Structures are given as structure tokens and as C-alpha cells.
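Participant: Compact mmCIF, C-alpha atoms and all ligand atoms, saved as my_file.txt, coming up:
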```
# COMPACT_ATOMS: atom_id res chain seq x y z
CA MET A 1 126.61 138.67 138.64
CA ALA A 2 125.22 142.23 138.54
CA ASP A 3 127.62 144.99 139.50
CA ILE A 4 125.95 147.54 141.82
CA HIS A 5 126.78 151.09 140.70
CA LYS A 6 126.84 152.73 144.14
CA HIS A 7 126.38 156.36 145.09
CA GLU A 8 128.19 157.18 148.34
CA PRO A 9 125.99 158.33 151.30
CA ALA A 10 126.22 162.08 151.98
CA GLU A 11 127.15 161.77 155.70
CA GLY A 12 128.93 159.21 157.87
CA GLY A 13 126.55 156.74 159.61
CA GLY A 14 123.98 157.11 156.84
CA GLU A 15 124.39 153.53 155.73
CA ARG A 16 123.66 152.09 159.20
CA SER A 17 120.43 153.99 159.75
CA GLU A 18 119.39 153.24 156.18
CA LEU A 19 119.92 149.56 156.93
CA GLU A 20 117.86 149.69 160.14
CA ILE A 21 114.94 151.47 158.47
CA PHE A 22 115.21 149.12 155.52
CA ARG A 23 115.05 145.98 157.72
CA ARG A 24 111.96 147.17 159.60
CA GLN A 25 110.07 148.31 156.52
CA TRP A 26 111.25 145.53 154.24
CA ASP A 27 110.17 142.72 156.61
CA LEU A 28 106.65 144.14 156.53
CA TYR A 29 106.77 144.71 152.76
CA ARG A 30 107.87 141.06 152.32
CA LYS A 31 104.97 139.87 154.49
CA ILE A 32 102.53 141.82 152.31
CA ILE A 33 104.11 140.47 149.11
CA ASP A 34 104.41 136.88 150.38
CA ASN A 35 100.71 136.87 151.30
CA ASP A 36 99.89 138.29 147.86
CA TYR A 37 98.01 141.28 149.25
CA PHE A 38 99.32 143.29 146.26
CA HIS A 39 98.26 140.55 143.77
CA GLY A 40 101.65 139.67 142.27
CA ALA A 41 100.15 136.25 141.39
CA ASP A 42 97.83 138.06 138.95
CA VAL A 43 100.24 140.77 137.82
CA TYR A 44 103.39 138.89 136.83
CA PRO A 45 101.73 136.33 134.48
CA VAL A 46 100.02 139.22 132.63
CA LEU A 47 103.36 141.05 132.30
CA ASN A 48 105.08 137.83 131.16
CA ARG A 49 102.40 137.30 128.47
CA TYR A 50 102.69 140.94 127.36
CA LEU A 51 106.47 140.64 126.98
CA LYS A 52 106.11 137.44 124.95
CA GLU A 53 103.21 138.54 122.74
CA GLU A 54 103.59 142.29 122.29
CA ILE A 55 107.35 142.87 122.24
CA GLN A 56 108.89 141.78 118.96
CA GLY A 57 112.24 140.05 119.34
CA PRO A 58 114.99 140.44 121.96
CA PHE A 59 114.59 143.33 124.40
CA ARG A 60 116.46 145.38 127.01
CA PHE A 61 114.47 145.81 130.26
CA LEU A 62 114.63 148.79 132.65
CA ASP A 63 113.15 148.12 136.11
CA LEU A 64 112.56 151.47 137.87
CA ALA A 65 112.44 151.15 141.69
CA CYS A 66 113.32 147.48 141.34
CA GLY A 67 113.48 146.79 145.09
CA ASP A 68 114.78 143.25 145.69
CA ALA A 69 113.63 142.20 142.17
CA SER A 70 112.07 139.07 143.65
CA GLY A 71 108.79 139.29 141.76
CA ILE A 72 110.10 140.37 138.39
CA VAL A 73 112.78 137.71 138.04
CA GLY A 74 110.34 134.83 137.47
CA THR A 75 108.40 137.00 135.01
CA LEU A 76 111.48 137.59 132.85
CA LYS A 77 112.53 133.95 132.66
CA GLY A 78 111.53 132.40 129.33
CA THR A 79 111.32 135.78 127.57
CA GLN A 80 113.77 137.17 124.99
CA ILE A 81 115.42 139.55 127.50
CA THR A 82 119.00 140.47 126.56
CA HIS A 83 119.75 142.98 129.33
CA TYR A 84 118.24 143.79 132.74
CA HIS A 85 118.87 147.20 134.37
CA GLY A 86 117.44 147.77 137.86
CA VAL A 87 117.40 151.18 139.59
CA ASP A 88 116.67 151.78 143.27
CA LEU A 89 117.53 154.26 146.03
CA SER A 90 117.98 151.49 148.60
CA LEU A 91 121.38 149.78 148.66
CA PRO A 92 120.18 146.91 150.90
CA ALA A 93 117.38 146.21 148.41
CA LEU A 94 119.88 146.22 145.54
CA GLU A 95 122.08 143.76 147.40
CA LEU A 96 119.12 141.38 147.66
CA ALA A 97 118.33 142.00 143.99
CA GLU A 98 121.89 141.07 143.04
CA ARG A 99 121.26 137.54 144.35
CA GLN A 100 117.82 137.20 142.74
CA LEU A 101 119.14 138.20 139.32
CA GLN A 102 121.66 135.37 139.12
CA VAL A 103 119.01 133.13 137.51
CA LEU A 104 118.58 135.46 134.53
CA PRO A 105 120.40 134.29 131.38
CA CYS A 106 121.46 137.81 130.38
CA ALA A 107 123.73 140.67 131.38
CA THR A 108 122.45 142.64 134.38
CA LYS A 109 123.17 146.06 135.87
CA LEU A 110 122.02 147.48 139.21
CA GLU A 111 122.15 151.21 139.75
CA HIS A 112 121.90 152.99 143.12
CA ALA A 113 120.07 156.13 142.04
CA ASP A 114 116.89 158.15 142.08
CA PHE A 115 114.77 156.99 139.17
CA THR A 116 114.08 160.59 138.12
CA ASP A 117 117.84 161.02 137.53
CA ALA A 118 118.43 157.54 136.15
CA VAL A 119 116.04 158.01 133.21
CA LYS A 120 118.09 160.95 131.96
CA GLY A 121 121.06 160.31 129.73
CA GLN A 122 121.21 156.51 129.64
CA ALA A 123 123.71 155.24 127.08
CA HIS A 124 121.43 152.42 125.88
CA ALA A 125 117.73 152.77 125.16
CA PRO A 126 115.61 150.14 126.90
CA ASP A 127 112.88 148.47 124.84
CA VAL A 128 110.70 148.04 127.91
CA ALA A 129 110.58 150.17 131.06
CA TRP A 130 108.61 148.88 134.07
CA PHE A 131 107.40 150.54 137.26
CA GLY A 132 105.93 148.29 139.98
CA LEU A 133 104.15 150.11 142.84
CA SER A 134 106.44 153.15 142.99
CA LEU A 135 105.42 155.83 140.48
CA HIS A 136 102.44 156.79 142.66
CA HIS A 137 104.67 158.46 145.27
CA ILE A 138 105.12 161.45 142.96
CA ALA A 139 102.60 164.27 142.46
CA THR A 140 100.81 164.49 139.11
CA PRO A 141 103.11 167.06 137.36
CA GLY A 142 106.17 165.06 138.44
CA LYS A 143 104.61 161.85 137.11
CA ARG A 144 104.02 163.59 133.76
CA ASP A 145 107.61 164.88 133.57
CA LEU A 146 109.03 161.47 134.46
CA MET A 147 106.80 159.69 131.93
CA CYS A 148 107.97 162.25 129.34
CA ASP A 149 111.61 161.40 130.09
CA ILE A 150 110.81 157.69 129.90
CA ARG A 151 109.03 158.19 126.55
CA LYS A 152 112.16 159.93 125.17
CA LEU A 153 114.39 157.16 126.52
CA ILE A 154 112.56 154.09 125.22
CA ALA A 155 113.54 152.62 121.86
CA ALA A 156 111.24 152.77 118.82
CA GLU A 157 108.61 150.00 119.04
CA GLY A 158 109.20 149.93 122.81
CA ALA A 159 106.74 149.91 125.70
CA PHE A 160 106.30 151.36 129.18
CA VAL A 161 104.32 149.24 131.65
CA ILE A 162 103.17 150.18 135.16
CA TYR A 163 101.27 148.53 138.02
CA GLU A 164 100.11 151.24 140.39
CA PRO A 165 97.40 152.24 142.90
CA THR A 166 94.43 153.54 140.94
CA LEU A 167 91.36 155.52 141.99
CA ARG A 168 88.00 154.62 140.55
CA ASP A 169 86.78 157.36 138.22
CA ASN A 170 84.95 159.93 140.41
CA GLU A 171 86.64 158.58 143.56
CA ASP A 172 88.72 161.10 145.54
CA LEU A 173 91.91 160.34 147.43
CA LEU A 174 90.24 160.27 150.86
CA ALA A 175 87.58 157.78 149.69
CA TYR A 176 90.31 155.61 148.15
CA LEU A 177 92.40 155.67 151.35
CA ASP A 178 89.34 154.73 153.43
CA ARG A 179 88.53 151.89 151.02
CA PHE A 180 92.18 150.70 151.23
CA ASP A 181 92.11 150.91 155.04
CA THR A 182 88.84 148.96 155.40
CA LEU A 183 89.97 146.28 152.98
CA ALA A 184 93.42 145.82 154.53
CA ARG A 185 92.09 145.70 158.09
CA SER A 186 89.58 142.98 157.16
CA THR A 187 91.75 140.81 154.86
CA TRP A 188 95.48 141.27 155.72
CA THR A 189 95.16 138.69 158.49
CA ALA A 190 98.88 137.81 158.46
CA CYS A 191 99.75 141.29 159.77
CA THR A 192 99.71 142.26 163.44
CA PRO A 193 97.67 145.37 164.43
CA GLU A 194 100.96 147.31 164.76
CA GLU A 195 102.06 146.22 161.28
CA LEU A 196 98.68 147.20 159.83
CA ASP A 197 98.96 150.63 161.44
CA MET A 198 102.49 151.07 160.06
CA ALA A 199 101.51 149.97 156.54
CA LEU A 200 98.36 152.09 156.44
CA GLU A 201 100.16 155.14 157.85
CA HIS A 202 102.63 154.79 154.96
CA VAL A 203 99.76 154.55 152.44
CA ARG A 204 98.00 157.59 153.95
CA SER A 205 101.12 159.74 154.00
CA CYS A 206 102.80 158.69 150.73
CA ASP A 207 100.31 157.37 148.18
CA LEU A 208 99.17 159.64 145.35
CA PRO A 209 97.16 157.38 143.03
CA GLU A 210 95.53 158.60 139.80
CA THR A 211 92.19 157.55 138.31
CA GLY A 212 92.35 155.02 135.46
CA SER A 213 91.41 157.78 132.99
CA ASP A 214 94.16 160.02 134.36
CA TRP A 215 96.82 157.30 134.10
CA ILE A 216 95.88 156.96 130.41
CA ARG A 217 95.80 160.76 129.93
CA LEU A 218 99.25 161.16 131.53
CA GLY A 219 100.64 158.66 129.02
CA ARG A 220 99.13 160.62 126.14
CA GLU A 221 100.51 163.92 127.52
CA ALA A 222 103.94 162.31 127.87
CA GLY A 223 103.89 161.53 124.14
CA PHE A 224 103.00 157.83 124.11
CA SER A 225 100.89 156.85 121.11
CA LYS A 226 98.63 154.41 122.93
CA GLY A 227 97.76 153.55 126.53
CA GLU A 228 95.66 150.61 127.64
CA GLU A 229 94.59 148.97 130.86
CA LEU A 230 95.94 145.41 131.05
CA LEU A 231 94.72 144.34 134.48
CA ARG A 232 92.56 145.43 137.39
CA ALA A 233 93.42 143.84 140.75
CA PRO A 234 90.56 141.85 142.37
CA THR A 235 90.37 144.53 145.10
CA ASP A 236 90.14 147.29 142.44
CA LEU A 237 92.87 149.16 144.34
CA PHE A 238 95.61 148.66 141.72
CA ARG A 239 95.72 148.47 137.93
CA MET A 240 98.29 147.71 135.24
CA PHE A 241 98.68 149.95 132.18
CA ALA A 242 100.83 149.58 129.07
CA TYR A 243 101.89 152.53 126.88
CA ARG A 244 103.40 152.26 123.40
CA VAL A 245 105.98 154.58 121.89
C1 LIG B 301 106.98 149.35 147.08
S1 LIG B 301 108.67 149.00 146.68
C2 LIG B 301 108.45 148.29 145.07
C3 LIG B 301 109.56 147.35 144.68
C4 LIG B 301 109.34 146.59 143.37
N1 LIG B 301 109.17 147.49 142.25
C5 LIG B 301 108.16 145.67 143.50
O1 LIG B 301 107.18 145.84 142.76
O2 LIG B 301 108.20 144.76 144.35
C6 LIG B 301 109.24 150.62 146.36
C7 LIG B 301 110.70 150.72 145.98
O3 LIG B 301 110.93 152.01 145.44
C8 LIG B 301 112.19 152.46 145.85
N2 LIG B 301 112.18 153.92 145.65
C9 LIG B 301 111.36 154.83 146.22
N3 LIG B 301 111.60 156.05 145.73
C10 LIG B 301 112.60 155.94 144.82
C11 LIG B 301 113.28 156.85 143.95
N4 LIG B 301 112.96 158.15 143.94
N5 LIG B 301 114.24 156.37 143.14
C12 LIG B 301 114.56 155.05 143.15
N6 LIG B 301 113.94 154.12 143.95
C13 LIG B 301 112.97 154.57 144.76
C14 LIG B 301 112.30 151.97 147.27
O4 LIG B 301 113.64 151.92 147.72
C15 LIG B 301 111.67 150.58 147.14
O5 LIG B 301 112.63 149.60 146.83
```
What would you get if you wrote out this structure as C-alpha cells?
Facilitator:
Amino acid sequence: MADIHKHEPAEGGGERSELEIFRRQWDLYRKIIDNDYFHGADVYPVLNRYLKEEIQGPFRFLDLACGDASGIVGTLKGTQITHYHGVDLSLPALELAERQLQVLPCATKLEHADFTDAVKGQAHAPDVAWFGLSLHHIATPGKRDLMCDIRKLIAAEGAFVIYEPTLRDNEDLLAYLDRFDTLARSTWTACTPEELDMALEHVRSCDLPETGSDWIRLGREAGFSKGEELLRAPTDLFRMFAYRV
């Protein structure tokens, strides 16, 4: 079973409010995932194929902002994974991840940390680092710095793969957010109006997507030798990119 490397909360009572916020937000996140509004059914088979076809031999896997690891676990089964390392700021999510990871036939580690800190000074270089729907919360210079740290961390012959909100070329953030809003309100039928408002408020206040060209450019500026688009979600709101060391 994975050992969770915990960081103590700064003040008393922090854990309880964290748990309350987590429950409210996570129930909605689960509803969105379970109804495949973020297209995990398309994403995970492509990642599984990439790991089998493009990564030579056994590999160590770093899952940045792993959440409850529910989607990634099935993707990693049947690959040559030798070590899984998940990082997340949410302890409740890591506790759920701990249970999910029991099916993996390899050593696992869960770390309660900010991913920007976790990528610095790791004792073992991962062969593959993965970001699912979390890198887009950071502004462009911060994304570049983080990708630079990830590039330095990954082993030779390794890869960095992301699945993130992506603007169409020539689309600005406001147009993207309006497109997201219109699409979600017409197709996320499993959500109540209150849940839709909560989800879309989060997207409007937190999401900082890049254009496809800029995601590729950021990889180049971070020192990766090659970046390619692996998948475009049917809604054209999200894309997957792979970068090689
Ligand atoms: C949208 S969920 C994605 C979870 C998972 N990667 C997936 O694809 O299902 C975002 C996750 O990022 C975590 N998170 C947000 N900011 C973080 C940070 N700075 N460091 C570590 N985890 C972070 C949250 O706790 C949450 O579990």
C-alpha cells in the first residue's frame, strides 16, 4: 500500500475545513468525470498506447496533481511501470488515491505537496511525468518555469505528457470561456443548475489555458526536444501533448 508523505496543516482546524471543501467540490468533480464530460474515455486509451509504444522498457511514473488517481490507474495496468509517485495538495484526495493504487503491481508513493516544490530535488528521476487537467491553473511564466524543472528532472529518453484546456489558435480567453459555458450548459445534463454555476464559476476564475501552438512553444522553451499533439477532445476544449527529453 502507498505511504502518504504528509505535510502538517499550518493552523489547527485546517484539516476539517479542507475536508468540507473537498467533499463539496469533489462530489461535483466526480459527477463530471463519471459522465465523461472531460473525455477520460478518449484520453486514457491514448495515454496507455503511448506508454506501451513510445516508452522503451520499464518506467517510473510521476503523476503531478494526481487527485484520487481513479482515471490513471486503469491506464497504467498492463504497462511496464515499476514505480508510481503521485503528488497532490489535497490529503482527502490522496487518501482515496491510496485505495485506488492497490491494484498496481509496483511500488507506489503518495506525496502531500505542491507540485512546484515536488519537482525540485527528487531522489529518483521519473521516466514519464504526467499532468491531467491541472497545469492550466498557473500563469504562462509559471508554466514555463515548472516545465523547465520537469525537463531537468526527467530521465534521458523520458517523456512529459499533459492533457489540458487548450484555446484554438486566435481564440482569446474570454471567447474560450464563453464557448466552454455554452457547451457545458447544453450538454452537462447530469448537473443541476447550481452545480453548473459552481463548475463554471471555477472555470472562469481559475482556468488559464494556452493555445495549441503555445503549449508546443512552452515545451520547446523548457528545453524539450520535441512536442506533439496526441489528442484533441471532441469538444475541442482540451488537448493532449507529449514532449520528449
Ligand atoms: C482537476 S483535479 C485533477 C485530478 C487528476 N489529475 C485527474 O486528471 O483526474 C486537480 C487536482 O490538482 C490538485 N492541485 C491543485 N493545485 C495543486 C498544486 N499546486 N500542487 C499539487 N496539487 C494541486 C487538486 O488538489 C486536485 O486534486
Participant: Show me, as AutoDock Vina command-line options, the centre and edge lengths in Å to one decimal of the axis-aligned box that covers every listed atom of ligand LIG 301 (chain B) with 4 Å on each side.
Facilitator:
```
--center_x 110.8 --center_y 151.5 --center_z 145.0 --size_x 15.6 --size_y 21.4 --size_z 13.5
```
Participant: Kindly provide, as a PDB file with C-alpha atoms, in the coordinates of the input, all nucleotide and amino acid residues lying within 6 Å of ligand LIG 301 (chain B), counting only C-alpha atoms and all ligand atoms.
Facilitator:
```pdb
ATOM      1  CA  ALA A  65     112.440 151.150 141.690  1.00  0.00           C
ATOM      2  CA  CYS A  66     113.320 147.480 141.340  1.00  0.00           C
ATOM      3  CA  GLY A  67     113.480 146.790 145.090  1.00  0.00           C
ATOM      4  CA  VAL A  87     117.400 151.180 139.590  1.00  0.00           C
ATOM      5  CA  ASP A  88     116.670 151.780 143.270  1.00  0.00           C
ATOM      6  CA  LEU A  89     117.530 154.260 146.030  1.00  0.00           C
ATOM      7  CA  SER A  90     117.980 151.490 148.600  1.00  0.00           C
ATOM      8  CA  ALA A 113     120.070 156.130 142.040  1.00  0.00           C
ATOM      9  CA  ASP A 114     116.890 158.150 142.080  1.00  0.00           C
ATOM     10  CA  PHE A 115     114.770 156.990 139.170  1.00  0.00           C
ATOM     11  CA  GLY A 132     105.930 148.290 139.980  1.00  0.00           C
ATOM     12  CA  LEU A 133     104.150 150.110 142.840  1.00  0.00           C
ATOM     13  CA  SER A 134     106.440 153.150 142.990  1.00  0.00           C
TER      14      SER A 134
END
```
Participant: Any idea what the distance is between atom CA of Ala222 of chain A and atom CA of Asp207 of chain A?
Facilitator: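 Calculated distance between atom CA of Ala222 of chain A and atom CA of Asp207 of chain A is 21.2 Å.
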Participant: Please provide as a list in words all residues within 10 Å of Asp172 of chain A, with the sequence filter that same-chain residues fewer than 3 positions apart are discarded (counting all atoms listed in the file).
Facilitator: Leu167, Arg168, Asp169, Ala175, Tyr176, Leu177, Pro209, Glu210 and Thr211 of chain A
Participant: Which residue is closest to Pro126 of chain A? Choose from A:Asp63, A:Glu171, A:Asp68, A:Asp42 and count all atoms listed in the file.
Facilitator: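 Ranked by minimum distance to Pro126 of chain A, first place goes to A:Asp63.
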Participant: Excluding segment 69-76 of chain A and its own-chain neighbours fewer than 6 positions away, which residues fall within 10 Å of it when counting all atoms listed in the file? Please give them as a PyMOL selection string.
Facilitator: chain A and resi 30+33-34+40-41+43-49+51-52+61+63+84+86+93-94+96-105+130+132
Participant: Nearest to Ser205 of chain A: which of A:Leu231, A:Leu174, A:Phe241, A:Cys148 is it, counting all atoms listed in the file?
Facilitator: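 Comparing A:Leu231, A:Leu174, A:Phe241, A:Cys148 against Ser205 of chain A, the winner is A:Leu174.
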Participant: May I have the residues within 10 Å of Gly219 of chain A as number ranges by chain, using only C-alpha atoms and disregarding those fewer than 5 positions away in the same chain?
Facilitator: A: 143-144, 147-148, 151, 160, 214, 224-228, 241-245
Participant: Quick one: pull the distance between atom CA of Leu200 of chain A and atom CA of His112 of chain A, Å, one decimal.
Facilitator: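 According to the coordinates, atom CA of Leu200 of chain A and atom CA of His112 of chain A are separated by 27.1 Å.
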Participant: For a quick check of understanding, using all atoms listed in the file, which of A:Val203, A:Pro165, A:Ile216, A:Glu221 has the smallest distance to Phe38 of chain A?
Facilitator: A:Pro165
Participant: Can you tell me how far atom CA of Glu164 of chain A sits from atom CA of Glu194 of chain A, in Å to one decimal?
Facilitator: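 Separation of atom CA of Glu164 of chain A and atom CA of Glu194 of chain A: 24.7 Å.
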Participant: Of the candidates A:Ser186, A:Thr192, A:Gln25, A:Gln56, which shows the shortest atom-to-atom distance to Glu157 of chain A, using only C-alpha atoms?
Facilitator: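 For Glu157 of chain A, the nearest of the candidates is A:Gln56.
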Participant: Given the choices A:Ala123, A:Leu218, A:Ser213, A:Glu53, which gets closest to His85 of chain A if the distance is worked out from all atoms listed in the file?
Facilitator: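 Result for the nearest residue to His85 of chain A: A:Ala123.
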